[in-house]
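Pasting run_36.txt here (compact mmCIF, C-alpha atoms):
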# COMPACT_ATOMS: atom_id res chain seq x y z
CA MET A 1 -62.62 -90.00 42.52
CA ALA A 2 -59.88 -91.44 40.48
CA PHE A 3 -58.75 -89.71 37.37
CA VAL A 4 -59.82 -91.12 34.12
CA PRO A 5 -56.65 -91.96 32.21
CA SER A 6 -56.29 -89.85 29.11
CA LYS A 7 -57.24 -91.71 26.04
CA ILE A 8 -55.05 -89.64 23.78
CA LYS A 9 -51.88 -89.92 25.79
CA LYS A 10 -52.26 -93.61 26.13
CA HIS A 11 -51.75 -94.12 22.45
CA LYS A 12 -48.95 -91.66 22.04
CA SER A 13 -45.69 -93.40 21.33
CA GLU A 14 -42.77 -92.17 23.32
CA MET A 15 -40.94 -89.63 21.21
CA GLU A 16 -37.23 -89.14 21.52
CA VAL A 17 -36.48 -85.51 22.38
CA SER A 18 -33.50 -84.15 20.57
CA LEU A 19 -31.82 -80.79 21.08
CA ASN A 20 -32.54 -78.35 18.32
CA LEU A 21 -29.12 -77.09 17.42
CA THR A 22 -30.00 -75.02 14.37
CA SER A 23 -30.17 -71.65 16.09
CA MET A 24 -26.98 -72.34 17.98
CA MET A 25 -25.26 -73.20 14.73
CA ASP A 26 -26.48 -69.94 13.22
CA MET A 27 -25.04 -68.02 16.09
CA PHE A 28 -21.72 -69.79 15.95
CA THR A 29 -21.45 -69.21 12.23
CA ILE A 30 -21.98 -65.49 12.65
CA ILE A 31 -19.41 -65.29 15.43
CA LEU A 32 -16.95 -67.29 13.39
CA VAL A 33 -17.29 -65.06 10.36
CA PHE A 34 -16.88 -61.96 12.51
CA LEU A 35 -13.76 -63.32 14.15
CA ILE A 36 -12.17 -64.42 10.91
CA LYS A 37 -12.77 -60.94 9.55
CA ASN A 38 -11.05 -59.42 12.56
CA TYR A 39 -8.24 -61.90 12.59
CA SER A 40 -4.79 -60.66 11.92
CA THR A 41 -1.84 -62.86 11.28
CA GLU A 42 0.52 -60.17 12.45
CA GLY A 43 -0.13 -60.89 16.09
CA GLN A 44 -0.05 -58.36 18.84
CA LEU A 45 2.45 -55.66 18.02
CA ILE A 46 2.30 -53.83 21.27
CA THR A 47 1.71 -54.69 24.85
CA PRO A 48 -0.36 -51.94 26.38
CA SER A 49 0.48 -50.96 29.91
CA ASP A 50 -0.27 -48.22 32.39
CA TYR A 51 2.87 -46.42 31.38
CA LEU A 52 2.30 -46.57 27.66
CA HIS A 53 -0.79 -45.02 26.15
CA LEU A 54 -0.28 -44.43 22.46
CA PRO A 55 -1.73 -41.28 20.92
CA PHE A 56 -4.77 -41.39 18.68
CA SER A 57 -4.62 -40.44 15.04
CA GLN A 58 -6.88 -40.34 12.03
CA ILE A 59 -4.34 -42.05 9.83
CA GLN A 60 -5.49 -45.26 8.17
CA LYS A 61 -2.14 -46.75 7.32
CA ALA A 62 -1.68 -50.29 8.60
CA PRO A 63 1.25 -51.06 10.87
CA GLU A 64 4.32 -52.78 9.58
CA LYS A 65 7.23 -54.58 11.09
CA GLY A 66 10.33 -52.83 12.23
CA LEU A 67 12.67 -52.62 15.14
CA ASP A 68 10.61 -51.78 18.21
CA VAL A 69 11.51 -48.75 20.27
CA VAL A 70 9.22 -48.19 23.22
CA VAL A 71 9.25 -44.86 24.98
CA SER A 72 6.97 -45.22 27.98
CA LYS A 73 6.69 -42.89 30.93
CA GLN A 74 9.19 -44.94 32.88
CA ILE A 75 11.59 -46.69 30.63
CA LEU A 76 13.10 -46.74 27.18
CA MET A 77 13.10 -50.15 25.53
CA VAL A 78 14.38 -51.66 22.31
CA ASN A 79 12.83 -54.99 21.29
CA ASN A 80 11.40 -55.29 24.80
CA GLU A 81 14.78 -55.04 26.42
CA PRO A 82 15.18 -52.11 28.78
CA VAL A 83 17.77 -49.59 27.66
CA ALA A 84 17.57 -46.59 29.93
CA PRO A 85 15.23 -45.19 32.56
CA MET A 86 13.29 -42.21 31.24
CA ALA A 87 13.94 -40.17 34.39
CA GLU A 88 17.65 -40.01 33.54
CA VAL A 89 16.91 -39.12 29.94
CA VAL A 90 14.63 -36.28 31.01
CA LYS A 91 17.27 -35.00 33.43
CA ASN A 92 19.84 -35.00 30.63
CA ASN A 93 22.20 -37.04 32.77
CA PRO A 94 25.57 -36.55 31.04
CA ALA A 95 26.35 -40.26 31.47
CA ILE A 96 23.38 -41.09 29.26
CA VAL A 97 22.55 -38.09 27.10
CA GLU A 98 25.20 -36.35 25.08
CA GLN A 99 24.33 -33.56 22.67
CA GLY A 100 20.75 -34.73 22.48
CA VAL A 101 21.73 -38.30 21.70
CA ILE A 102 20.80 -41.07 24.11
CA LYS A 103 23.99 -43.09 24.26
CA PRO A 104 22.68 -46.49 25.46
CA LEU A 105 19.96 -46.34 22.83
CA ARG A 106 22.50 -45.52 20.15
CA GLU A 107 24.69 -48.46 21.17
CA ARG A 108 21.76 -50.82 21.10
CA LEU A 109 20.53 -49.57 17.74
CA LEU A 110 23.98 -49.83 16.20
CA HIS A 111 24.19 -53.37 17.56
CA TYR A 112 20.94 -54.29 15.84
CA SER A 113 21.82 -52.51 12.62
CA SER A 114 25.16 -54.29 12.40
CA GLN A 115 23.34 -57.59 12.89
CA SER A 116 20.84 -56.68 10.20
CA LYS A 117 23.58 -55.62 7.84
CA LYS A 118 25.33 -58.92 8.41
CA MET A 119 22.05 -60.64 7.56
CA GLU A 120 21.90 -58.57 4.43
CA VAL A 121 25.31 -59.82 3.34
CA ASP A 122 24.74 -63.43 4.40
CA TYR A 123 21.14 -64.07 3.47
CA GLY A 124 20.11 -61.18 1.27
CA ILE A 125 17.48 -59.84 3.63
CA LYS A 126 17.47 -56.18 2.88
CA PHE A 127 18.14 -53.81 5.75
CA SER A 128 15.37 -51.27 5.62
CA GLY A 129 16.38 -49.01 8.48
CA LYS A 130 12.81 -49.05 9.72
CA VAL A 131 12.10 -48.45 13.33
CA THR A 132 8.69 -48.28 14.95
CA ILE A 133 8.43 -45.85 17.81
CA GLN A 134 5.77 -46.42 20.41
CA GLY A 135 5.64 -43.30 22.47
CA ASP A 136 3.37 -42.40 25.32
CA LYS A 137 0.90 -39.68 24.39
CA ASP A 138 2.06 -37.38 27.19
CA LEU A 139 5.68 -37.58 26.14
CA PRO A 140 7.11 -34.07 25.84
CA TYR A 141 8.45 -33.02 22.47
CA SER A 142 11.99 -32.55 23.75
CA GLU A 143 12.24 -36.23 24.75
CA LEU A 144 10.68 -37.40 21.50
CA VAL A 145 13.20 -35.37 19.53
CA LYS A 146 16.05 -36.96 21.49
CA VAL A 147 14.80 -40.44 20.60
CA ILE A 148 14.21 -39.51 16.95
CA ARG A 149 17.59 -37.84 16.70
CA THR A 150 19.29 -40.89 18.16
CA CYS A 151 17.49 -43.20 15.73
CA GLY A 152 18.40 -40.99 12.80
CA LEU A 153 22.06 -40.98 13.79
CA SER A 154 22.14 -44.75 14.37
CA ASP A 155 21.32 -46.12 10.92
CA TYR A 156 17.56 -46.07 11.43
CA PRO A 157 16.29 -43.05 9.51
CA ASN A 158 12.90 -44.52 8.54
CA LEU A 159 10.71 -43.83 11.49
CA ARG A 160 7.23 -45.18 12.01
CA LEU A 161 5.23 -43.63 14.80
CA VAL A 162 2.77 -46.16 16.16
CA VAL A 163 -0.65 -44.73 16.99
CA TYR A 164 -4.12 -45.97 17.73
CA ARG A 165 -6.42 -45.51 14.81
CA LYS A 166 -9.50 -43.49 15.52
CA THR A 167 -12.58 -45.36 14.38
CA ASP A 168 -15.31 -43.11 13.10
CA MET B 1 -52.64 -106.41 -17.26
CA ALA B 2 -52.84 -103.97 -14.55
CA PHE B 3 -49.76 -103.00 -12.66
CA ARG B 4 -49.50 -104.22 -9.22
CA PRO B 5 -49.26 -101.33 -6.79
CA SER B 6 -45.75 -100.74 -5.65
CA LEU B 7 -44.77 -102.25 -2.42
CA ARG B 8 -42.65 -99.26 -1.62
CA ARG B 9 -45.70 -97.37 -0.68
CA HIS B 10 -45.45 -98.81 2.72
CA LEU B 11 -41.82 -97.99 3.09
CA LYS B 12 -41.53 -95.79 6.12
CA ILE B 13 -39.66 -92.55 5.53
CA GLU B 14 -37.49 -92.02 8.51
CA SER B 15 -36.44 -88.53 9.33
CA THR B 16 -32.76 -88.50 10.08
CA ASP B 17 -31.01 -85.72 11.87
CA LEU B 18 -27.91 -84.24 10.40
CA ASN B 19 -24.96 -85.21 12.50
CA LEU B 20 -23.77 -81.83 13.69
CA THR B 21 -21.27 -83.04 16.23
CA PRO B 22 -18.10 -82.59 14.12
CA ILE B 23 -19.16 -79.10 13.08
CA MET B 24 -19.83 -78.24 16.68
CA ASN B 25 -16.41 -79.52 17.61
CA LEU B 26 -14.86 -77.35 14.96
CA MET B 27 -16.71 -74.28 16.20
CA VAL B 28 -15.74 -74.90 19.78
CA VAL B 29 -12.08 -75.12 18.81
CA MET B 30 -12.00 -72.29 16.29
CA ILE B 31 -13.86 -69.63 18.23
CA PRO B 32 -11.47 -69.50 21.21
CA MET B 33 -8.53 -69.65 18.84
CA LEU B 34 -9.68 -66.72 16.75
CA LEU B 35 -10.83 -64.83 19.80
CA SER B 36 -7.36 -64.98 21.28
CA GLY B 37 -5.70 -64.03 18.03
CA SER B 38 -7.80 -61.12 16.93
CA GLN B 39 -6.96 -57.49 17.44
CA PHE B 40 -9.69 -55.27 18.61
CA ILE B 41 -7.58 -52.16 18.86
CA LYS B 42 -6.63 -50.96 15.45
CA LEU B 43 -3.11 -49.69 15.18
CA GLY B 44 -1.79 -47.34 12.59
CA ILE B 45 1.56 -45.82 11.75
CA ILE B 46 2.74 -42.42 10.72
CA GLU B 47 5.68 -42.46 8.40
CA LEU B 48 8.43 -40.07 9.19
CA ASN B 49 11.47 -40.38 7.02
CA LEU B 50 14.54 -38.58 8.15
CA PRO B 51 17.24 -37.80 5.68
CA PRO B 52 20.05 -40.34 6.17
CA ALA B 53 22.43 -39.09 8.77
CA ALA B 54 25.00 -36.89 7.13
CA GLY B 55 27.59 -36.60 9.83
CA ALA B 56 27.26 -40.05 11.33
CA SER B 57 28.54 -43.43 10.29
CA ALA B 58 26.82 -43.22 6.92
CA ALA B 59 29.05 -40.33 5.92
CA GLY B 60 31.39 -42.53 3.87
CA ASN B 61 29.00 -43.28 1.05
CA GLN B 62 27.66 -39.80 0.72
CA PRO B 63 27.56 -38.94 -2.94
CA THR B 64 28.50 -35.46 -3.86
CA ALA B 65 25.40 -33.38 -3.75
CA LEU B 66 24.50 -32.24 -7.20
CA PRO B 67 24.37 -28.51 -7.43
CA LYS B 68 20.72 -27.95 -8.11
CA GLU B 69 19.29 -25.22 -10.14
CA GLU B 70 18.31 -22.38 -7.95
CA GLN B 71 14.75 -23.16 -7.14
CA ARG B 72 12.51 -21.40 -4.75
CA SER B 73 11.05 -23.69 -2.17
CA LEU B 74 8.14 -23.15 0.12
CA ASP B 75 9.71 -24.44 3.35
CA LEU B 76 6.42 -24.39 5.15
CA THR B 77 6.83 -24.65 8.88
CA ILE B 78 4.36 -24.96 11.71
CA SER B 79 5.66 -24.08 15.12
CA ILE B 80 3.59 -25.42 17.96
CA THR B 81 3.83 -23.27 21.03
CA GLU B 82 1.85 -23.05 24.20
CA ARG B 83 0.08 -19.99 22.82
CA GLY B 84 -0.89 -21.52 19.50
CA PHE B 85 0.41 -22.31 16.05
CA TYR B 86 2.76 -20.16 14.05
CA ILE B 87 2.73 -20.85 10.34
CA SER B 88 5.67 -19.60 8.36
CA SER B 89 7.29 -20.21 5.03
CA ALA B 90 10.47 -19.18 3.32
CA LEU B 91 8.73 -16.07 2.11
CA THR B 92 6.66 -14.86 4.99
CA VAL B 93 5.15 -15.49 8.38
CA LEU B 94 1.39 -15.65 8.48
CA HIS B 95 0.11 -13.26 11.05
CA GLY B 96 -2.88 -13.88 13.21
CA LYS B 97 -5.88 -11.66 13.21
CA ASP B 98 -5.76 -8.67 15.46
CA ASP B 99 -7.40 -9.45 18.70
CA VAL B 100 -10.49 -7.32 18.60
CA GLN B 101 -11.67 -8.09 22.07
CA THR B 102 -8.55 -7.11 23.90
CA GLY B 103 -7.57 -4.50 21.39
CA ILE B 104 -4.07 -5.82 21.09
CA ALA B 105 -2.85 -5.44 17.56
CA ARG B 106 -0.63 -8.32 16.65
CA ALA B 107 1.98 -6.45 14.76
CA GLY B 108 5.16 -7.90 13.36
CA GLY B 109 4.29 -11.51 14.03
CA ALA B 110 4.07 -11.04 17.76
CA GLY B 111 1.16 -13.38 18.17
CA PRO B 112 0.59 -16.86 16.87
CA THR B 113 -1.14 -17.37 13.52
CA ILE B 114 -3.76 -19.48 15.19
CA PRO B 115 -3.92 -18.87 18.93
CA VAL B 116 -5.22 -21.42 21.38
CA ASN B 117 -8.84 -20.90 22.33
CA ALA B 118 -10.04 -19.73 25.70
CA GLY B 119 -9.84 -23.19 27.23
CA GLY B 120 -6.20 -23.52 26.20
CA GLU B 121 -7.08 -26.02 23.48
CA TYR B 122 -5.54 -26.03 20.05
CA ASP B 123 -7.73 -25.12 17.10
CA PHE B 124 -6.92 -27.90 14.65
CA ALA B 125 -9.89 -27.17 12.37
CA GLU B 126 -8.71 -23.61 11.87
CA LEU B 127 -5.17 -24.86 11.23
CA SER B 128 -6.42 -27.20 8.50
CA GLN B 129 -8.42 -24.37 6.99
CA LYS B 130 -5.40 -22.06 6.95
CA LEU B 131 -3.17 -24.73 5.46
CA LEU B 132 -5.74 -25.34 2.74
CA GLU B 133 -5.44 -21.69 1.76
CA VAL B 134 -1.66 -22.01 1.68
CA LYS B 135 -1.88 -25.23 -0.32
CA GLN B 136 -4.16 -23.69 -2.91
CA LYS B 137 -1.80 -20.79 -3.38
CA ALA B 138 1.38 -22.86 -3.38
CA GLN B 139 0.21 -25.68 -5.62
CA GLY B 140 2.14 -25.78 -8.83
CA ILE B 141 4.44 -22.92 -7.91
CA PHE B 142 6.71 -24.63 -5.44
CA PRO B 143 8.26 -28.06 -5.86
CA ASP B 144 7.81 -28.90 -2.21
CA ALA B 145 4.12 -28.11 -1.99
CA ASP B 146 3.42 -31.33 -0.13
CA ALA B 147 6.09 -31.05 2.54
CA ILE B 148 5.86 -29.44 5.91
CA VAL B 149 8.22 -29.07 8.83
CA LEU B 150 6.89 -29.26 12.35
CA GLN B 151 8.66 -27.88 15.33
CA ALA B 152 7.46 -27.49 18.85
CA GLU B 153 8.30 -26.12 22.24
CA LYS B 154 9.84 -28.68 24.49
CA ASP B 155 6.83 -29.29 26.68
CA ILE B 156 4.38 -29.89 23.85
CA LYS B 157 2.82 -33.30 24.23
CA TYR B 158 3.21 -36.10 21.72
CA GLN B 159 -0.57 -36.30 21.28
CA THR B 160 -0.67 -32.64 20.25
CA LEU B 161 2.05 -33.28 17.72
CA VAL B 162 0.17 -36.24 16.26
CA ASP B 163 -3.03 -34.18 16.10
CA THR B 164 -1.14 -31.44 14.29
CA MET B 165 0.19 -33.97 11.79
CA ASP B 166 -3.39 -35.15 11.25
CA ALA B 167 -4.56 -31.61 10.70
CA ALA B 168 -1.74 -30.96 8.27
CA ARG B 169 -2.17 -34.19 6.31
CA VAL B 170 -5.71 -34.02 4.97
CA ILE B 171 -8.76 -31.85 5.16
CA GLU B 172 -12.32 -32.82 4.44
CA VAL B 173 -14.31 -30.17 2.60
CA ASP B 174 -17.90 -30.95 1.66
CA GLY B 175 -17.30 -34.66 1.99
CA LYS B 176 -14.25 -34.54 -0.25
CA VAL B 177 -10.87 -35.38 1.18
CA ILE B 178 -8.18 -32.98 0.05
CA GLU B 179 -4.58 -33.85 0.63
CA LEU B 180 -2.61 -31.04 2.21
CA PHE B 181 0.95 -31.71 3.31
CA PRO B 182 1.50 -35.42 3.86
CA ARG B 183 5.28 -35.26 3.87
CA VAL B 184 6.10 -34.36 7.43
CA ALA B 185 9.48 -33.65 8.89
CA LEU B 186 10.34 -32.73 12.43
CA SER B 187 12.73 -30.09 13.50
CA ALA B 188 14.28 -29.73 16.90
CA GLY B 189 13.38 -26.08 16.56
CA VAL B 190 12.57 -23.89 19.50
CA MET B 191 14.03 -25.53 22.52
Written as structure tokens, how would this file's structure read?
Amino acid sequence: MAFVPSKIKKHKSEMEVSLNLTSMMDMFTIILVFLIKNYSTEGQLITPSDYLHLPFSQIQKAPEKGLDVVVSKQILMVNNEPVAPMAEVVKNNPAIVEQGVIKPLRERLLHYSSQSKKMEVDYGIKFSGKVTIQGDKDLPYSELVKVIRTCGLSDYPNLRLVVYRKTD
Amino acid sequence: MAFRPSLRRHLKIESTDLNLTPIMNLMVVMIPMLLSGSQFIKLGIIELNLPPAAGASAAGNQPTALPKEEQRSLDLTISITERGFYISSALTVLHGKDDVQTGIARAGGAGPTIPVNAGGEYDFAELSQKLLEVKQKAQGIFPDADAIVLQAEKDIKYQTLVDTMDAARVIEVDGKVIELFPRVALSAGVM
């Protein structure tokens, strides 16, 4: 027996099916607002690696710009340029460490400070003597003190220790 | 004369869709851009201002230090050792409680003010508590009642030092945040 053609469907005009985008728009709007809230114009200050795990702290102070000194487990860097291997610093190699001052670091810092001071004279950009120290959380105190001492003796007395903020 | 019924009655109202394509384009561009630029790890900084180097290159412009009126200062110091914290000031060293369990009397500052607990972990809560007592007593008497000097043994880890700074900076009592000693200085100390 043949089917009887539906009488209702026969008269139905062919509707154009359009995608309902409203819910998608809602979602996108929420994501967009969230991302704009999280957005920082500062850009990434640090590049995390296996050899550099910053310590955690409860402090809420936002980071600021300064000369970057990275003290990872392996290497000591200033502005992402390697300065000295940490192994030699730990061993107190007399070619590198003298009276608790890391000589290559001191040279590099003095180089940067003289540049900054020249900028101060030429363009009026004030030399703040700020240096941000990114140290690994397992760094022993003796090594940290060497780095801090060197910074203090090389025109950079305003230290900023970079930490991860604990979120409660 | 009666009005003729409006012809517009038969005007068909067409439902038009909003053209969302440009907004969609904007979203598709902006979301990846913001996603790549946002920071999910929050960074913070601890300020640590050293006095400008006296003996180094800055020595030339050193003004003559004004002879200050003799003023008593607190000179609060925390020494972080493997056995615990020692708290001392210009006037005294805080002694720890006598160890009741082992019966060892900690005489003459032999033991740390706040020893590490059984698991070898530092007791930061106790340290904050102790410093609060010191703060309450020192407030208003000493000019440097917001400064503290930290020193540590050479193998003390950076994380421990940062935790100690946290403990010494603020304390939360009954939901209120009380500032303790936010001005931190480091000393090479016991090496």
Checklist outcome for this item: If you count all atoms listed in the file, the residue of B:Asp144, B:Glu126, B:Glu14, B:Asp163 closest to chain A turns out to be B:Asp163
Next on the checklist: Set the cut-off to 9 Å and count all atoms listed in the file: what are the residues of chain A that reach chain B? Output as a PyMOL selection string.
Outcome noted: chain A and resi 21+25+28-29+31-32+35-41+43-45+54-64+132+135-146+148-149+152-167
Item to check | Separation of atom CA of Gln136 of chain B from atom CA of Ile178 of chain B in Å | outcome: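 One can read the atom CA of Ile178 of chain B to atom CA of Gln136 of chain B distance as 10.5 Å.
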Excluding same-chain residues fewer than 6 positions from Pro104 of chain A, what lies within 10 Å of it counting only C-alpha atoms, as a compact mmCIF listing (two decimals) with C-alpha atoms, in the coordinates of the input?
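Full text of around21.txt as output:
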# COMPACT_ATOMS: atom_id res chain seq x y z
CA LEU A 76 13.10 -46.74 27.18
CA PRO A 82 15.18 -52.11 28.78
CA VAL A 83 17.77 -49.59 27.66
CA ALA A 84 17.57 -46.59 29.93
CA ALA A 95 26.35 -40.26 31.47
CA ILE A 96 23.38 -41.09 29.26
CA VAL A 97 22.55 -38.09 27.10
CA LEU A 110 23.98 -49.83 16.20
CA THR A 150 19.29 -40.89 18.16
Checklist entry - Residues at most 7 Å from segment 69-73 of chain A, counting only C-alpha atoms, excluding those fewer than 6 positions away in the same chain, as a list in words? => result Tyr51, Leu52, Asn79, Met86, Val131, Thr132, Ile133, Gln134, Gly135 and Asp136 of chain A
Item to check | Of the listed residues B:Ala145, B:Pro22, B:Gly175, B:Pro115, that which approaches Leu131 of chain B most closely, counting only C-alpha atoms | outcome: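 Ranking B:Ala145, B:Pro22, B:Gly175, B:Pro115 by distance to Leu131 of chain B, first place goes to B:Ala145.
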Next on the checklist: Is it possible to get the residues within 12 Å of (19.4, -56.4, 5.8) (coordinates as in the file, counting all atoms listed in the file) written as a list in words?
Outcome noted: Gly66, Tyr112, Ser113, Ser114, Gln115, Ser116, Lys117, Lys118, Met119, Glu120, Val121, Asp122, Tyr123, Gly124, Ile125, Lys126, Phe127, Ser128, Gly129, Lys130, Asp155 and Tyr156 of chain A
Output for the residues just chosen: C-alpha atoms as a PDB file, in the coordinates of the input:
ATOM      1  CA  GLY A  66      10.330 -52.830  12.230  1.00  0.00           C
ATOM      2  CA  TYR A 112      20.940 -54.290  15.840  1.00  0.00           C
ATOM      3  CA  SER A 113      21.820 -52.510  12.620  1.00  0.00           C
ATOM      4  CA  SER A 114      25.160 -54.290  12.400  1.00  0.00           C
ATOM      5  CA  GLN A 115      23.340 -57.590  12.890  1.00  0.00           C
ATOM      6  CA  SER A 116      20.840 -56.680  10.200  1.00  0.00           C
ATOM      7  CA  LYS A 117      23.580 -55.620   7.840  1.00  0.00           C
ATOM      8  CA  LYS A 118      25.330 -58.920   8.410  1.00  0.00           C
ATOM      9  CA  MET A 119      22.050 -60.640   7.560  1.00  0.00           C
ATOM     10  CA  GLU A 120      21.900 -58.570   4.430  1.00  0.00           C
ATOM     11  CA  VAL A 121      25.310 -59.820   3.340  1.00  0.00           C
ATOM     12  CA  ASP A 122      24.740 -63.430   4.400  1.00  0.00           C
ATOM     13  CA  TYR A 123      21.140 -64.070   3.470  1.00  0.00           C
ATOM     14  CA  GLY A 124      20.110 -61.180   1.270  1.00  0.00           C
ATOM     15  CA  ILE A 125      17.480 -59.840   3.630  1.00  0.00           C
ATOM     16  CA  LYS A 126      17.470 -56.180   2.880  1.00  0.00           C
ATOM     17  CA  PHE A 127      18.140 -53.810   5.750  1.00  0.00           C
ATOM     18  CA  SER A 128      15.370 -51.270   5.620  1.00  0.00           C
ATOM     19  CA  GLY A 129      16.380 -49.010   8.480  1.00  0.00           C
ATOM     20  CA  LYS A 130      12.810 -49.050   9.720  1.00  0.00           C
ATOM     21  CA  ASP A 155      21.320 -46.120  10.920  1.00  0.00           C
ATOM     22  CA  TYR A 156      17.560 -46.070  11.430  1.00  0.00           C
TER      23      TYR A 156
END
Item to check | Selected residue, from B:Ile87, B:Val173, B:Val149, B:Ile114, that lies nearest to Val134 of chain B when counting only C-alpha atoms | outcome: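 Ranking B:Ile87, B:Val173, B:Val149, B:Ile114 by distance to Val134 of chain B, first place goes to B:Ile87.
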Checklist entry - Which value, in Å to one decimal, gives the distance between atom CA of Pro112 of chain B and atom CA of Leu76 of chain B? => result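 It comes out at 15.1 Å.
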Checklist outcome for this item: note - atom CA of Phe142 of chain B and atom CA of Leu180 of chain B are separated by 13.7 Å
Take segment 145-163 of chain B, bring it up to N, CA and C atoms, and give me the output as a compact mmCIF listing (two decimals), keeping the file's coordinate frame.
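Once everything was written out, this is result.txt:
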# COMPACT_ATOMS: atom_id res chain seq x y z
N ALA B 145 5.44 -28.51 -2.46
CA ALA B 145 4.12 -28.11 -1.99
C ALA B 145 3.38 -29.24 -1.27
N ASP B 146 4.07 -30.30 -0.94
CA ASP B 146 3.42 -31.33 -0.13
C ASP B 146 4.21 -31.61 1.15
N ALA B 147 5.24 -30.81 1.38
CA ALA B 147 6.09 -31.05 2.54
C ALA B 147 5.88 -29.99 3.60
N ILE B 148 6.01 -30.40 4.82
CA ILE B 148 5.86 -29.44 5.91
C ILE B 148 6.83 -29.83 7.02
N VAL B 149 7.32 -28.83 7.71
CA VAL B 149 8.22 -29.07 8.83
C VAL B 149 7.48 -28.68 10.11
N LEU B 150 7.51 -29.58 11.07
CA LEU B 150 6.89 -29.26 12.35
C LEU B 150 7.99 -29.03 13.38
N GLN B 151 7.78 -28.03 14.18
CA GLN B 151 8.66 -27.88 15.33
C GLN B 151 7.79 -27.46 16.50
N ALA B 152 8.30 -27.73 17.68
CA ALA B 152 7.46 -27.49 18.85
C ALA B 152 8.30 -27.05 20.03
N GLU B 153 7.64 -26.43 20.97
CA GLU B 153 8.30 -26.12 22.24
C GLU B 153 8.52 -27.43 22.98
N LYS B 154 9.42 -27.39 23.94
CA LYS B 154 9.84 -28.68 24.49
C LYS B 154 8.80 -29.38 25.34
N ASP B 155 7.83 -28.65 25.83
CA ASP B 155 6.83 -29.29 26.68
C ASP B 155 5.57 -29.70 25.93
N ILE B 156 5.56 -29.49 24.63
CA ILE B 156 4.38 -29.89 23.85
C ILE B 156 4.24 -31.40 23.85
N LYS B 157 3.03 -31.85 24.09
CA LYS B 157 2.82 -33.30 24.23
C LYS B 157 2.79 -33.99 22.87
N TYR B 158 3.18 -35.25 22.91
CA TYR B 158 3.21 -36.10 21.72
C TYR B 158 1.85 -36.15 21.04
N GLN B 159 0.79 -36.24 21.85
CA GLN B 159 -0.57 -36.30 21.28
C GLN B 159 -0.87 -35.05 20.46
N THR B 160 -0.45 -33.89 20.97
CA THR B 160 -0.67 -32.64 20.25
C THR B 160 0.05 -32.66 18.91
N LEU B 161 1.26 -33.19 18.95
CA LEU B 161 2.05 -33.28 17.72
C LEU B 161 1.36 -34.17 16.69
N VAL B 162 0.86 -35.31 17.16
CA VAL B 162 0.17 -36.24 16.26
C VAL B 162 -1.10 -35.59 15.70
N ASP B 163 -1.82 -34.88 16.56
CA ASP B 163 -3.03 -34.18 16.10
C ASP B 163 -2.68 -33.12 15.05
